[in-house]
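J.: Okay, handing you the structure first.
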Amino acid sequence: MTAGPAPDRTDDLPLGAVVTGAAPPLPGFDIHAGRAVTLEPLGMAHAADLWRVAQGADRSFTYLRYGPFATEEAFAAHVAGLSGIGRQPFFAVIPRASGTAAGWASFCDIAPDDAAIEIGSIWFSPVLQRTRAATEAIFLMMNHAYALGYHRVVWRCNALNAASIRAASRFGFTHEGTWRCDGIVKGRRRDTAWFSLLAPEWPAQRDRFKAWLDDDNFDENGVARKPL
């Protein structure tokens, strides 16, 4: 008797961990409030304040696909466009010290079925950069993403954007690699550096953020006593 074909087995192949439960929901257009900053859904009510802090800040748009803007009308039209993207919630970043919008950030490339989400298309004006409010804004967005049930939070940037790469490291993201020549931005080739932080890694990073953001870590001038 001739033996039949061997069974096509798959149980001896390595596989990833089993995932159970429903996919996380899309992030909504909610208000997120912290000690030093409030995130509000971006809208035209923020355009004038954002235009003011964009003056003399052309360098802050260098690595973004948009900007700088020649006129207030062009800038306002761009804000209107960002605020109208339904599946990419943009938030105005409002430091409590000033009460006026000084930048924006968004949830983007959202893939609920893969439990993956990116914090991106970030524009922080010079008055917001390197402040307690800026750090807390990113913390609030990261914390919200994990609370919704996302497993992977992504940070990506132009591989030449040294400031963004430093920020990714400071916020606890792991560098995954660089996609070479994966885009053309403002007529120039772009390499993209990719970073991620996974849900099991978040509790330790969350505690680190909370300790840095605590009021006791800041002196009377608002300067952090210890680095993040």
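Lettering and numbering for the structure tokens are positional, with chains as A, B, ... in the shown order, residues counted from 1 in each chain, and ligands counted from 1 in the shown order.
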May I have the residues within 7 Å of segment 55-67 of chain A as a PyMOL selection string, using only C-alpha atoms and disregarding those fewer than 5 positions away in the same chain?
T.: chain A and resi 125-126+158+161+185-186
J.: Which distance in Å separates atom CA of Arg87 of chain A and atom CA of Ala193 of chain A, to one decimal?
T.: 23.5 Å
J.: Return the single residue from A:Ile122, A:Arg206, A:Ile165, A:Glu73 that is closest to Ala102 of chain A, with distances computed using only C-alpha atoms.
T.: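 Looking at the shortest contact to Ala102 of chain A, the residue is A:Ile122.
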J.: Find, counting only C-alpha atoms, the residue in A:Ile117, A:Val127, A:Cys108, A:Ala159 that gets nearest to Ala145 of chain A.
T.: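 Closest candidate: A:Ile117.
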J.: Can you tell me which residues surround Thr100 of chain A at a distance of at most 8 Å, considering only C-alpha atoms, apart from same-chain residues fewer than 6 positions away, and format the answer as a list of chain:residue names?
T.: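 So, after excluding close chain neighbours, the residues are A:His46, A:Asp49, A:Ile94.
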J.: At what distance in Å, to one decimal, does atom CA of Cys157 of chain A lie from atom CA of Val79 of chain A?
T.: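 If I compute the distance from atom CA of Val79 of chain A to atom CA of Cys157 of chain A, I get 21.0 Å.
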J.: Using Å and a single decimal, report how far atom CA of Arg132 of chain A sits from atom CA of Pro227 of chain A.
T.: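 Atom-to-atom, atom CA of Pro227 of chain A to atom CA of Arg132 of chain A, that is 11.1 Å.
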